[in-house]
>>> print(open('protein03.pdb').read())   # PDB, C-alpha atoms
ATOM      1  CA  MET N   1      66.825 168.718 199.883
ATOM      2  CA  SER N   2      65.016 166.902 197.096
ATOM      3  CA  THR N   3      67.158 166.158 194.052
ATOM      4  CA  SER N   4      64.533 164.188 192.105
ATOM      5  CA  GLY N   5      64.067 165.352 188.530
ATOM      6  CA  ARG N   6      67.359 167.225 188.295
ATOM      7  CA  THR N   7      70.294 166.409 186.057
ATOM      8  CA  LEU N   8      73.846 166.861 187.314
ATOM      9  CA  LYS N   9      76.979 166.945 185.166
ATOM     10  CA  VAL N  10      80.031 165.378 186.789
ATOM     11  CA  ALA N  11      83.654 164.877 185.769
ATOM     12  CA  ALA N  12      86.171 162.205 186.746
ATOM     13  CA  ILE N  13      89.734 163.363 186.102
ATOM     14  CA  GLN N  14      91.863 160.416 184.984
ATOM     15  CA  ALA N  15      95.312 161.978 185.195
ATOM     16  CA  ALA N  16      98.585 161.718 187.078
ATOM     17  CA  PRO N  17     100.006 164.302 189.440
ATOM     18  CA  VAL N  18     103.516 165.666 189.103
ATOM     19  CA  SER N  19     104.656 163.163 191.679
ATOM     20  CA  PHE N  20     106.526 164.479 194.732
ATOM     21  CA  ASP N  21     105.962 168.073 193.539
ATOM     22  CA  LEU N  22     103.090 169.769 195.357
ATOM     23  CA  LYS N  23     103.335 173.133 193.603
ATOM     24  CA  SER N  24     103.288 171.621 190.112
ATOM     25  CA  SER N  25     100.535 169.172 191.044
ATOM     26  CA  LEU N  26      98.390 172.035 192.344
ATOM     27  CA  ALA N  27      98.941 173.906 189.088
ATOM     28  CA  LYS N  28      97.888 170.834 187.104
ATOM     29  CA  LEU N  29      94.807 170.354 189.269
ATOM     30  CA  THR N  30      93.851 174.005 188.807
ATOM     31  CA  GLN N  31      94.087 173.749 185.026
ATOM     32  CA  LEU N  32      92.160 170.477 184.843
ATOM     33  CA  THR N  33      89.453 171.874 187.109
ATOM     34  CA  LYS N  34      89.079 174.909 184.868
ATOM     35  CA  THR N  35      88.796 172.667 181.807
ATOM     36  CA  ALA N  36      86.065 170.536 183.390
ATOM     37  CA  ALA N  37      84.196 173.537 184.786
ATOM     38  CA  THR N  38      84.238 175.226 181.377
ATOM     39  CA  ALA N  39      82.657 172.067 179.965
ATOM     40  CA  GLY N  40      79.824 172.456 182.478
ATOM     41  CA  ALA N  41      80.806 169.991 185.201
ATOM     42  CA  GLN N  42      79.365 170.853 188.602
ATOM     43  CA  LEU N  43      81.157 168.120 190.562
ATOM     44  CA  ILE N  44      84.787 167.396 189.667
ATOM     45  CA  CYS N  45      86.624 164.407 191.139
ATOM     46  CA  PHE N  46      90.357 163.655 191.310
ATOM     47  CA  PRO N  47      92.062 160.303 192.078
ATOM     48  CA  GLU N  48      93.624 158.907 195.216
ATOM     49  CA  GLY N  49      96.805 160.710 196.272
ATOM     50  CA  PHE N  50      96.659 163.353 193.528
ATOM     51  CA  LEU N  51      98.398 165.787 195.872
ATOM     52  CA  SER N  52     101.044 164.737 195.385
ATOM     53  CA  ALA N  53     101.817 161.089 194.749
ATOM     54  CA  TYR N  54     100.787 157.496 195.047
ATOM     55  CA  PRO N  55     104.280 156.005 195.618
ATOM     56  CA  TRP N  56     104.133 153.255 193.028
ATOM     57  CA  ARG N  57     106.368 150.214 193.600
ATOM     58  CA  TYR N  58     108.321 151.670 196.509
ATOM     59  CA  ALA N  59     108.308 150.475 200.123
ATOM     60  CA  PHE N  60     110.790 153.174 201.160
ATOM     61  CA  ASP N  61     113.633 150.661 201.583
ATOM     62  CA  ALA N  62     112.017 149.039 204.604
ATOM     63  CA  THR N  63     112.165 145.351 205.424
ATOM     64  CA  ILE N  64     111.222 143.551 208.624
ATOM     65  CA  GLY N  65     113.762 144.650 211.211
ATOM     66  CA  THR N  66     115.582 147.149 208.977
ATOM     67  CA  ARG N  67     115.094 150.673 207.598
ATOM     68  CA  GLU N  68     117.668 152.220 205.263
ATOM     69  CA  PRO N  69     118.777 155.903 205.221
ATOM     70  CA  ARG N  70     117.691 156.338 201.588
ATOM     71  CA  GLY N  71     114.150 155.301 202.450
ATOM     72  CA  ARG N  72     114.011 157.850 205.272
ATOM     73  CA  GLU N  73     115.204 160.561 202.881
ATOM     74  CA  TRP N  74     112.450 159.673 200.389
ATOM     75  CA  TYR N  75     109.877 159.649 203.172
ATOM     76  CA  ARG N  76     110.961 163.205 203.980
ATOM     77  CA  ARG N  77     110.522 164.155 200.319
ATOM     78  CA  TYR N  78     107.106 162.507 200.340
ATOM     79  CA  TYR N  79     106.176 164.414 203.494
ATOM     80  CA  GLU N  80     107.336 167.682 201.969
ATOM     81  CA  SER N  81     105.130 167.115 198.908
ATOM     82  CA  SER N  82     102.057 166.342 201.035
ATOM     83  CA  ILE N  83      99.468 168.917 202.092
ATOM     84  CA  SER N  84      97.971 170.087 205.379
ATOM     85  CA  VAL N  85      94.385 171.333 205.551
ATOM     86  CA  GLU N  86      95.741 174.253 207.581
ATOM     87  CA  SER N  87      98.143 175.530 204.937
ATOM     88  CA  GLU N  88      98.520 178.135 202.207
ATOM     89  CA  GLU N  89      98.564 175.324 199.647
ATOM     90  CA  PHE N  90      95.163 174.116 200.815
ATOM     91  CA  GLU N  91      93.849 177.646 200.397
ATOM     92  CA  VAL N  92      94.833 177.345 196.719
ATOM     93  CA  LEU N  93      92.627 174.258 196.526
ATOM     94  CA  LYS N  94      89.703 176.077 198.133
ATOM     95  CA  GLU N  95      90.162 179.061 195.837
ATOM     96  CA  CYS N  96      90.147 176.722 192.844
ATOM     97  CA  ALA N  97      86.675 175.463 193.791
ATOM     98  CA  ARG N  98      85.451 178.974 194.544
ATOM     99  CA  GLU N  99      86.800 180.547 191.353
ATOM    100  CA  ASN N 100      85.249 177.866 189.160
ATOM    101  CA  GLY N 101      82.004 177.596 191.135
ATOM    102  CA  VAL N 102      82.246 173.796 191.469
ATOM    103  CA  VAL N 103      82.214 171.134 194.144
ATOM    104  CA  LEU N 104      85.662 169.575 194.196
ATOM    105  CA  SER N 105      86.630 166.101 195.450
ATOM    106  CA  VAL N 106      90.381 165.529 195.712
ATOM    107  CA  GLY N 107      92.490 162.629 196.896
ATOM    108  CA  ILE N 108      95.349 164.037 198.956
ATOM    109  CA  ILE N 109      98.283 162.837 201.000
ATOM    110  CA  GLU N 110      97.485 164.777 204.135
ATOM    111  CA  ARG N 111     100.031 165.554 206.807
ATOM    112  CA  GLU N 112      99.336 166.161 210.465
ATOM    113  CA  GLY N 113     102.186 166.165 212.948
ATOM    114  CA  GLY N 114     104.724 163.629 211.734
ATOM    115  CA  THR N 115     102.154 161.310 210.142
ATOM    116  CA  LEU N 116     100.767 161.116 206.625
ATOM    117  CA  TYR N 117      97.212 160.063 205.828
ATOM    118  CA  CYS N 118      95.635 159.043 202.549
ATOM    119  CA  SER N 119      92.608 161.332 202.565
ATOM    120  CA  ALA N 120      89.771 162.542 200.388
ATOM    121  CA  VAL N 121      88.476 166.072 200.825
ATOM    122  CA  LEU N 122      85.252 167.581 199.529
ATOM    123  CA  ILE N 123      85.238 171.326 198.961
ATOM    124  CA  GLY N 124      82.090 173.339 198.265
ATOM    125  CA  LYS N 125      81.701 175.801 195.436
ATOM    126  CA  THR N 126      82.152 178.740 197.807
ATOM    127  CA  GLY N 127      85.453 177.279 199.014
ATOM    128  CA  GLU N 128      84.412 175.726 202.316
ATOM    129  CA  LEU N 129      85.754 172.356 203.429
ATOM    130  CA  LEU N 130      82.654 170.144 203.509
ATOM    131  CA  SER N 131      84.257 166.884 204.601
ATOM    132  CA  ARG N 132      87.570 165.116 205.118
ATOM    133  CA  HIS N 133      87.838 161.348 205.097
ATOM    134  CA  ARG N 134      91.030 159.518 206.022
ATOM    135  CA  LYS N 135      91.476 155.996 204.696
ATOM    136  CA  LEU N 136      90.561 153.653 207.540
ATOM    137  CA  ILE N 137      92.960 150.856 206.580
ATOM    138  CA  PRO N 138      95.920 151.464 204.275
ATOM    139  CA  THR N 139      96.558 148.399 202.135
ATOM    140  CA  ALA N 140      99.659 146.202 202.446
ATOM    141  CA  ALA N 141     102.898 148.277 202.287
ATOM    142  CA  GLU N 142     100.886 151.521 202.362
ATOM    143  CA  ARG N 143     100.670 150.950 206.129
ATOM    144  CA  LEU N 144     104.327 151.878 206.514
ATOM    145  CA  VAL N 145     103.855 155.472 205.368
ATOM    146  CA  TRP N 146     100.144 156.196 205.985
ATOM    147  CA  GLY N 147      98.331 156.350 209.308
ATOM    148  CA  ARG N 148      94.821 155.061 209.898
ATOM    149  CA  GLY N 149      91.701 157.182 209.770
ATOM    150  CA  ALA N 150      88.888 157.210 212.333
ATOM    151  CA  GLY N 151      85.118 156.900 212.319
ATOM    152  CA  ASN N 152      84.545 160.644 212.251
ATOM    153  CA  GLY N 153      85.472 160.540 208.564
ATOM    154  CA  LEU N 154      82.628 158.165 207.655
ATOM    155  CA  GLU N 155      80.488 161.104 206.675
ATOM    156  CA  VAL N 156      77.908 161.860 204.014
ATOM    157  CA  VAL N 157      77.256 165.569 203.521
ATOM    158  CA  SER N 158      74.144 167.195 202.115
ATOM    159  CA  THR N 159      74.906 169.644 199.315
ATOM    160  CA  GLU N 160      72.808 171.397 196.715
ATOM    161  CA  LEU N 161      73.983 168.702 194.294
ATOM    162  CA  GLY N 162      72.877 165.834 196.517
ATOM    163  CA  LYS N 163      74.192 163.744 199.411
ATOM    164  CA  ILE N 164      77.881 163.071 198.754
ATOM    165  CA  GLY N 165      80.391 160.755 200.413
ATOM    166  CA  GLY N 166      82.673 157.862 199.574
ATOM    167  CA  LEU N 167      85.539 155.550 200.429
ATOM    168  CA  ILE N 168      89.112 155.291 199.153
ATOM    169  CA  CYS N 169      90.366 152.329 197.106
ATOM    170  CA  TRP N 170      90.207 149.004 198.991
ATOM    171  CA  GLU N 171      88.135 150.488 201.818
ATOM    172  CA  ASN N 172      85.356 149.813 199.330
ATOM    173  CA  TYR N 173      85.759 146.107 200.121
ATOM    174  CA  MET N 174      84.701 146.788 203.738
ATOM    175  CA  PRO N 175      80.956 145.992 203.920
ATOM    176  CA  ALA N 176      80.467 147.733 207.267
ATOM    177  CA  ALA N 177      81.991 150.958 205.969
ATOM    178  CA  ARG N 178      79.680 150.886 202.952
ATOM    179  CA  MET N 179      76.659 150.292 205.181
ATOM    180  CA  ALA N 180      77.600 153.318 207.282
ATOM    181  CA  LEU N 181      77.363 155.466 204.143
ATOM    182  CA  TYR N 182      74.136 153.871 202.929
ATOM    183  CA  GLN N 183      72.507 154.568 206.297
ATOM    184  CA  GLN N 184      73.256 158.266 205.808
ATOM    185  CA  GLY N 185      71.389 158.286 202.518
ATOM    186  CA  ILE N 186      74.338 158.599 200.162
ATOM    187  CA  GLU N 187      73.371 159.531 196.599
ATOM    188  CA  ILE N 188      76.732 160.262 194.955
ATOM    189  CA  TYR N 189      79.418 157.841 196.078
ATOM    190  CA  ILE N 190      82.960 158.894 195.114
ATOM    191  CA  ALA N 191      85.669 156.215 195.048
ATOM    192  CA  PRO N 192      89.153 157.645 194.412
ATOM    193  CA  ASN N 193      91.460 154.688 193.905
ATOM    194  CA  ALA N 194      94.677 153.240 192.481
ATOM    195  CA  ASP N 195      93.272 149.882 191.324
ATOM    196  CA  ASP N 196      93.363 149.186 187.591
ATOM    197  CA  LEU N 197      92.455 145.493 187.766
ATOM    198  CA  PRO N 198      89.380 144.425 185.764
ATOM    199  CA  ALA N 199      87.675 143.093 188.906
ATOM    200  CA  TRP N 200      87.608 146.621 190.306
ATOM    201  CA  THR N 201      85.078 147.686 187.703
ATOM    202  CA  ALA N 202      82.752 144.914 188.871
ATOM    203  CA  THR N 203      83.167 146.160 192.452
ATOM    204  CA  MET N 204      82.053 149.636 191.441
ATOM    205  CA  GLN N 205      79.004 148.238 189.657
ATOM    206  CA  HIS N 206      78.169 146.103 192.673
ATOM    207  CA  ILE N 207      78.364 149.055 195.076
ATOM    208  CA  ALA N 208      76.171 151.209 192.847
ATOM    209  CA  LYS N 209      73.539 148.471 192.643
ATOM    210  CA  GLU N 210      73.820 147.538 196.332
ATOM    211  CA  GLY N 211      73.659 151.123 197.581
ATOM    212  CA  ARG N 212      71.212 152.313 194.911
ATOM    213  CA  CYS N 213      73.470 155.302 194.350
ATOM    214  CA  PHE N 214      75.635 156.809 191.639
ATOM    215  CA  VAL N 215      79.285 155.763 191.877
ATOM    216  CA  ILE N 216      82.171 157.813 190.484
ATOM    217  CA  SER N 217      85.284 155.647 190.331
ATOM    218  CA  VAL N 218      88.266 157.882 189.615
ATOM    219  CA  ASN N 219      91.734 156.465 189.059
ATOM    220  CA  SER N 220      94.978 157.875 187.673
ATOM    221  CA  PHE N 221      96.715 157.116 184.411
ATOM    222  CA  VAL N 222     100.401 156.995 185.342
ATOM    223  CA  ARG N 223     103.666 156.450 183.502
ATOM    224  CA  VAL N 224     107.204 156.174 184.850
ATOM    225  CA  SER N 225     107.849 159.666 183.457
ATOM    226  CA  ASP N 226     105.382 161.090 186.014
ATOM    227  CA  PHE N 227     107.993 160.448 188.738
ATOM    228  CA  PRO N 228     111.323 162.144 189.484
ATOM    229  CA  SER N 229     114.240 160.736 187.497
ATOM    230  CA  ASP N 230     115.954 159.569 190.704
ATOM    231  CA  TYR N 231     112.885 157.795 192.119
ATOM    232  CA  PRO N 232     114.467 154.561 193.386
ATOM    233  CA  PRO N 233     112.305 151.841 191.733
ATOM    234  CA  PHE N 234     112.992 153.195 188.247
ATOM    235  CA  THR N 235     116.711 153.885 188.329
ATOM    236  CA  ALA N 236     119.188 151.721 186.421
ATOM    237  CA  GLU N 237     120.490 150.327 189.726
ATOM    238  CA  SER N 238     117.071 149.115 190.863
ATOM    239  CA  HIS N 239     116.269 145.423 191.091
ATOM    240  CA  ASP N 240     112.664 146.221 190.182
ATOM    241  CA  LYS N 241     111.679 145.373 186.618
ATOM    242  CA  ASN N 242     108.744 146.116 184.332
ATOM    243  CA  PRO N 243     106.240 143.373 183.358
ATOM    244  CA  LYS N 244     108.571 142.267 180.535
ATOM    245  CA  GLY N 245     111.362 141.632 183.048
ATOM    246  CA  GLU N 246     113.352 144.613 181.762
ATOM    247  CA  LEU N 247     114.463 147.931 183.218
ATOM    248  CA  TRP N 248     111.647 150.422 183.510
ATOM    249  CA  GLN N 249     111.394 152.921 180.640
ATOM    250  CA  LYS N 250     109.910 156.412 180.793
ATOM    251  CA  ASP N 251     106.855 155.483 178.725
ATOM    252  CA  ASP N 252     106.051 152.319 180.695
ATOM    253  CA  ILE N 253     102.588 152.411 182.235
ATOM    254  CA  LEU N 254     102.240 151.964 185.996
ATOM    255  CA  ASN N 255      98.483 152.484 186.283
ATOM    256  CA  HIS N 256      96.169 151.857 183.321
ATOM    257  CA  GLY N 257      93.225 153.829 184.739
ATOM    258  CA  GLY N 258      89.765 152.361 184.247
ATOM    259  CA  SER N 259      87.817 155.276 185.724
ATOM    260  CA  CYS N 260      84.064 154.910 185.261
ATOM    261  CA  ILE N 261      80.700 156.301 186.362
ATOM    262  CA  VAL N 262      77.903 153.914 187.314
ATOM    263  CA  GLY N 263      74.176 154.406 187.814
ATOM    264  CA  PRO N 264      72.059 153.113 190.722
ATOM    265  CA  LEU N 265      71.094 149.896 188.907
ATOM    266  CA  GLY N 266      74.743 148.956 188.394
ATOM    267  CA  GLU N 267      74.975 149.976 184.740
ATOM    268  CA  PHE N 268      77.396 152.524 183.301
ATOM    269  CA  VAL N 269      75.750 155.866 182.653
ATOM    270  CA  GLU N 270      76.094 157.309 179.168
ATOM    271  CA  GLY N 271      79.686 158.464 178.737
ATOM    272  CA  GLY N 272      80.741 156.711 181.939
ATOM    273  CA  GLU N 273      82.180 153.503 180.520
ATOM    274  CA  PRO N 274      85.699 152.596 181.780
ATOM    275  CA  VAL N 275      88.574 154.424 180.091
ATOM    276  CA  TRP N 276      91.902 152.603 179.825
ATOM    277  CA  ASP N 277      95.484 153.496 178.900
ATOM    278  CA  ARG N 278      95.113 157.218 178.452
ATOM    279  CA  GLY N 279      94.541 160.378 180.424
ATOM    280  CA  GLU N 280      91.041 161.756 180.007
ATOM    281  CA  VAL N 281      88.347 163.860 181.621
ATOM    282  CA  ILE N 282      85.295 161.601 181.785
ATOM    283  CA  TYR N 283      81.959 163.418 181.761
ATOM    284  CA  ALA N 284      78.515 162.083 182.554
ATOM    285  CA  GLU N 285      75.028 163.387 183.246
ATOM    286  CA  LEU N 286      73.451 161.989 186.406
ATOM    287  CA  LYS N 287      69.651 161.865 186.280
ATOM    288  CA  MET N 288      68.914 162.197 189.963
ATOM    289  CA  GLY N 289      65.364 160.887 189.671
ATOM    290  CA  GLU N 290      66.834 157.458 188.944
ATOM    291  CA  LEU N 291      67.812 157.172 192.618
ATOM    292  CA  ILE N 292      64.190 156.803 193.733
ATOM    293  CA  GLU N 293      63.293 154.652 190.741
ATOM    294  CA  ALA N 294      66.069 152.207 191.692
ATOM    295  CA  ARG N 295      64.831 151.938 195.287
ATOM    296  CA  MET N 296      61.370 150.736 194.329
ATOM    297  CA  ASP N 297      62.438 147.119 194.822
ATOM    298  CA  PHE N 298      65.589 147.428 196.938
ATOM    299  CA  ASP N 299      66.749 149.805 199.681
ATOM    300  CA  PRO N 300      69.703 148.424 201.693
ATOM    301  CA  VAL N 301      68.784 150.399 204.816
ATOM    302  CA  GLY N 302      65.013 150.428 204.321
ATOM    303  CA  SER N 303      62.717 147.957 202.622
ATOM    304  CA  TYR N 304      65.516 145.385 202.165
ATOM    305  CA  SER N 305      67.016 145.571 205.638
ATOM    306  CA  ARG N 306      66.455 143.548 208.820
ATOM    307  CA  PRO N 307      67.507 145.679 211.799
ATOM    308  CA  ASP N 308      65.840 143.146 214.092
ATOM    309  CA  VAL N 309      68.432 140.593 212.915
ATOM    310  CA  PHE N 310      71.522 142.670 212.012
ATOM    311  CA  THR N 311      72.911 145.784 213.708
ATOM    312  CA  LEU N 312      75.999 147.918 213.123
ATOM    313  CA  THR N 313      77.593 150.378 215.550
ATOM    314  CA  VAL N 314      79.964 153.065 214.257
ATOM    315  CA  ASN N 315      82.319 154.931 216.584
ATOM    316  CA  THR N 316      82.426 158.448 215.159
ATOM    317  CA  LYS N 317      84.930 159.848 217.643
ATOM    318  CA  PRO N 318      88.126 161.289 216.149
ATOM    319  CA  GLY N 319      91.260 159.219 216.681
ATOM    320  CA  LEU N 320      92.919 161.318 219.372
ATOM    321  CA  ASN N 321      95.673 159.832 221.497
ATOM    322  CA  VAL N 322      95.429 162.335 224.346
ATOM    323  CA  ALA N 323      92.351 164.177 225.620
ATOM    324  CA  PHE N 324      93.071 167.234 227.780
ATOM    325  CA  GLN N 325      90.474 168.192 230.347
ATOM    326  CA  LYS N 326      90.299 171.346 232.472
TER
END
>>> encode(input="protein03.pdb", output="structure tokens")
Amino acid sequence: MSTSGRTLKVAAIQAAPVSFDLKSSLAKLTQLTKTAATAGAQLICFPEGFLSAYPWRYAFDATIGTREPRGREWYRRYYESSISVESEEFEVLKECARENGVVLSVGIIEREGGTLYCSAVLIGKTGELLSRHRKLIPTAAERLVWGRGAGNGLEVVSTELGKIGGLICWENYMPAARMALYQQGIEIYIAPNADDLPAWTATMQHIAKEGRCFVISVNSFVRVSDFPSDYPPFTAESHDKNPKGELWQKDDILNHGGSCIVGPLGEFVEGGEPVWDRGEVIYAELKMGELIEARMDFDPVGSYSRPDVFTLTVNTKPGLNVAFQK
């Protein structure tokens, strides 16, 4: 489907979930989606782990060789606030997209069996699940509580808005994963993340310019007060301290945001400059004709590629442990 000449309004939701509370987080997502849809957004994007928590500063009381009962209890609470794609709660998410007539991208903590995955789902405006991507490599201590995704999630889907896909947080530093998306002709690259370091903004600009695509980088803005009062890192008994070396206070910021929207030449689109230290719905108009204009002198999988020198093979099989055959 040709998208040249069209303009698309998108929204990046820089907000925090009600951490460890799936019902309340769903209600917040529903309200924010309605707000963005009323403003005319056709594609609405939420951050990494919005349903229902990025577990800031907590390794669930695990050290090498030892796991504590409290950490197991909090893992259970984390599991209970996660979401399955085969659940009534996920139907609420699909209905939200359908009722507002929008394409919805949401970072979720997905549960399947006894394992949690950091996933991003794309839901069409009629409520169908268009794609599900599980983070291929959780970063650092994330690996304790999140499983690994498989190659079947490296998918770009064609929609009436354009070809949409993306990677989650530090997966975006994996060149091979990016190339897999470029090869599929990605036009709108969504990067839900939890990275508020200044260098991250440069990464998003680089990817947009490298892939000659629009990039929507959507992060949370999170305070201590967005977590339960008994969340271990922020209790008075915790050894963890804020950047001043003091006990954490309710208004202390955990994630400063920095969400932004970048055009295919690596420059911020109008209205898409990074937003810091506040919750905000960031809107931008994507001029889809700019995709072809940007590829006049560079196409990473076309005019500026050397398949006779470099090749990449992607295993797109799902990560199943047991295959049953009749």
>>> resolve_selection(input="protein03.pdb", expression="the PyMOL selection byres ((chain N and resi 52) around 9)", output="list of chain:residue names")
N:Pro17, N:Val18, N:Ser19, N:Phe20, N:Asp21, N:Leu22, N:Lys23, N:Ser24, N:Ser25, N:Leu26, N:Gly49, N:Phe50, N:Leu51, N:Ala53, N:Tyr54, N:Tyr78, N:Ser81, N:Ser82, N:Ile83, N:Gly107, N:Ile108, N:Ile109
>>> resolve_selection(input="protein03.pdb", expression="the PyMOL selection byres ((chain N and resi 256-266) around 7)", output="PyMOL selection string")
chain N and resi 14+196+205-206+208-209+212-222+253-255+267-269+272-277+291+294
>>> residues_around(input="protein03.pdb", residues="Gly319 in chain N", least_positions_apart="4", cutoff="8 Å", atoms="only C-alpha atoms", output="ChimeraX atom specification")
/N:149-151
>>> write_last_selection(input="protein03.pdb", atoms="C-alpha atoms", output="PDB file, in the coordinates of the input")
ATOM      1  CA  GLY N 149      91.701 157.182 209.770  1.00  0.00           C
ATOM      2  CA  ALA N 150      88.888 157.210 212.333  1.00  0.00           C
ATOM      3  CA  GLY N 151      85.118 156.900 212.319  1.00  0.00           C
TER       4      GLY N 151
END
>>> atom_distance(input="protein03.pdb", atom1="CA of Leu247 in chain N", atom2="CA of Pro233 in chain N")
9.6 Å
>>> resolve_selection(input="protein03.pdb", expression="the PyMOL selection byres ((chain N and resi 37-43) around 10)", output="PDB file with C-alpha atoms, in the frame of the given file")
ATOM      1  CA  LEU N   8      73.846 166.861 187.314  1.00  0.00           C
ATOM      2  CA  LYS N   9      76.979 166.945 185.166  1.00  0.00           C
ATOM      3  CA  VAL N  10      80.031 165.378 186.789  1.00  0.00           C
ATOM      4  CA  ALA N  11      83.654 164.877 185.769  1.00  0.00           C
ATOM      5  CA  ALA N  12      86.171 162.205 186.746  1.00  0.00           C
ATOM      6  CA  GLN N  31      94.087 173.749 185.026  1.00  0.00           C
ATOM      7  CA  LEU N  32      92.160 170.477 184.843  1.00  0.00           C
ATOM      8  CA  THR N  33      89.453 171.874 187.109  1.00  0.00           C
ATOM      9  CA  LYS N  34      89.079 174.909 184.868  1.00  0.00           C
ATOM     10  CA  THR N  35      88.796 172.667 181.807  1.00  0.00           C
ATOM     11  CA  ALA N  36      86.065 170.536 183.390  1.00  0.00           C
ATOM     12  CA  ILE N  44      84.787 167.396 189.667  1.00  0.00           C
ATOM     13  CA  CYS N  45      86.624 164.407 191.139  1.00  0.00           C
ATOM     14  CA  ALA N  97      86.675 175.463 193.791  1.00  0.00           C
ATOM     15  CA  GLU N  99      86.800 180.547 191.353  1.00  0.00           C
ATOM     16  CA  ASN N 100      85.249 177.866 189.160  1.00  0.00           C
ATOM     17  CA  GLY N 101      82.004 177.596 191.135  1.00  0.00           C
ATOM     18  CA  VAL N 102      82.246 173.796 191.469  1.00  0.00           C
ATOM     19  CA  VAL N 103      82.214 171.134 194.144  1.00  0.00           C
ATOM     20  CA  LEU N 104      85.662 169.575 194.196  1.00  0.00           C
ATOM     21  CA  SER N 105      86.630 166.101 195.450  1.00  0.00           C
ATOM     22  CA  LEU N 122      85.252 167.581 199.529  1.00  0.00           C
ATOM     23  CA  ILE N 123      85.238 171.326 198.961  1.00  0.00           C
ATOM     24  CA  GLY N 124      82.090 173.339 198.265  1.00  0.00           C
ATOM     25  CA  LYS N 125      81.701 175.801 195.436  1.00  0.00           C
ATOM     26  CA  LEU N 161      73.983 168.702 194.294  1.00  0.00           C
ATOM     27  CA  TYR N 283      81.959 163.418 181.761  1.00  0.00           C
ATOM     28  CA  ALA N 284      78.515 162.083 182.554  1.00  0.00           C
ATOM     29  CA  GLU N 285      75.028 163.387 183.246  1.00  0.00           C
TER      30      GLU N 285
END
>>> closest_residue(input="protein03.pdb", among="N:Arg178, N:Lys135, N:Lys250, N:Lys241", to="Pro228 in chain N", atoms="all atoms listed in the file")
N:Lys250
>>> closest_residue(input="protein03.pdb", among="N:Gly5, N:Gly302, N:Gly185, N:Pro138", to="Glu290 in chain N", atoms="only C-alpha atoms")
N:Gly5
>>> residues_around(input="protein03.pdb", residues="Arg6 in chain N", least_positions_apart="6", cutoff="8 Å", atoms="all atoms listed in the file", output="number ranges by chain")
N: 287-289
>>> write_last_selection(input="protein03.pdb", atoms="C-alpha atoms", output="PDB file, in the frame of the given file")
ATOM      1  CA  LYS N 287      69.651 161.865 186.280  1.00  0.00           C
ATOM      2  CA  MET N 288      68.914 162.197 189.963  1.00  0.00           C
ATOM      3  CA  GLY N 289      65.364 160.887 189.671  1.00  0.00           C
TER       4      GLY N 289
END
>>> build_atoms(input="protein03.pdb", residues="range 246-257 of chain N", atoms="N, CA and C atoms", output="CSV table (one decimal), in the coordinates of the input")
chain,number,residue,atom,x,y,z
N,246,GLU,N,112.3,143.7,182.2
N,246,GLU,CA,113.4,144.6,181.8
N,246,GLU,C,113.4,145.8,182.7
N,247,LEU,N,114.4,146.7,182.5
N,247,LEU,CA,114.5,147.9,183.2
N,247,LEU,C,113.3,148.8,182.8
N,248,TRP,N,112.8,149.5,183.8
N,248,TRP,CA,111.6,150.4,183.5
N,248,TRP,C,112.1,151.5,182.5
N,249,GLN,N,111.2,151.8,181.6
N,249,GLN,CA,111.4,152.9,180.6
N,249,GLN,C,110.4,154.0,180.9
N,250,LYS,N,110.7,155.2,180.5
N,250,LYS,CA,109.9,156.4,180.8
N,250,LYS,C,108.5,156.3,180.4
N,251,ASP,N,108.2,155.6,179.2
N,251,ASP,CA,106.9,155.5,178.7
N,251,ASP,C,106.1,154.3,179.3
N,252,ASP,N,106.7,153.5,180.1
N,252,ASP,CA,106.1,152.3,180.7
N,252,ASP,C,104.9,152.8,181.6
N,253,ILE,N,103.8,152.1,181.5
N,253,ILE,CA,102.6,152.4,182.2
N,253,ILE,C,102.6,151.7,183.6
N,254,LEU,N,102.3,152.5,184.6
N,254,LEU,CA,102.2,152.0,186.0
N,254,LEU,C,100.8,151.7,186.4
N,255,ASN,N,99.9,152.6,185.9
N,255,ASN,CA,98.5,152.5,186.3
N,255,ASN,C,97.7,152.8,185.0
N,256,HIS,N,96.9,151.8,184.6
N,256,HIS,CA,96.2,151.9,183.3
N,256,HIS,C,94.9,152.6,183.4
N,257,GLY,N,94.5,153.0,184.6
N,257,GLY,CA,93.2,153.8,184.7
N,257,GLY,C,92.0,153.0,185.0
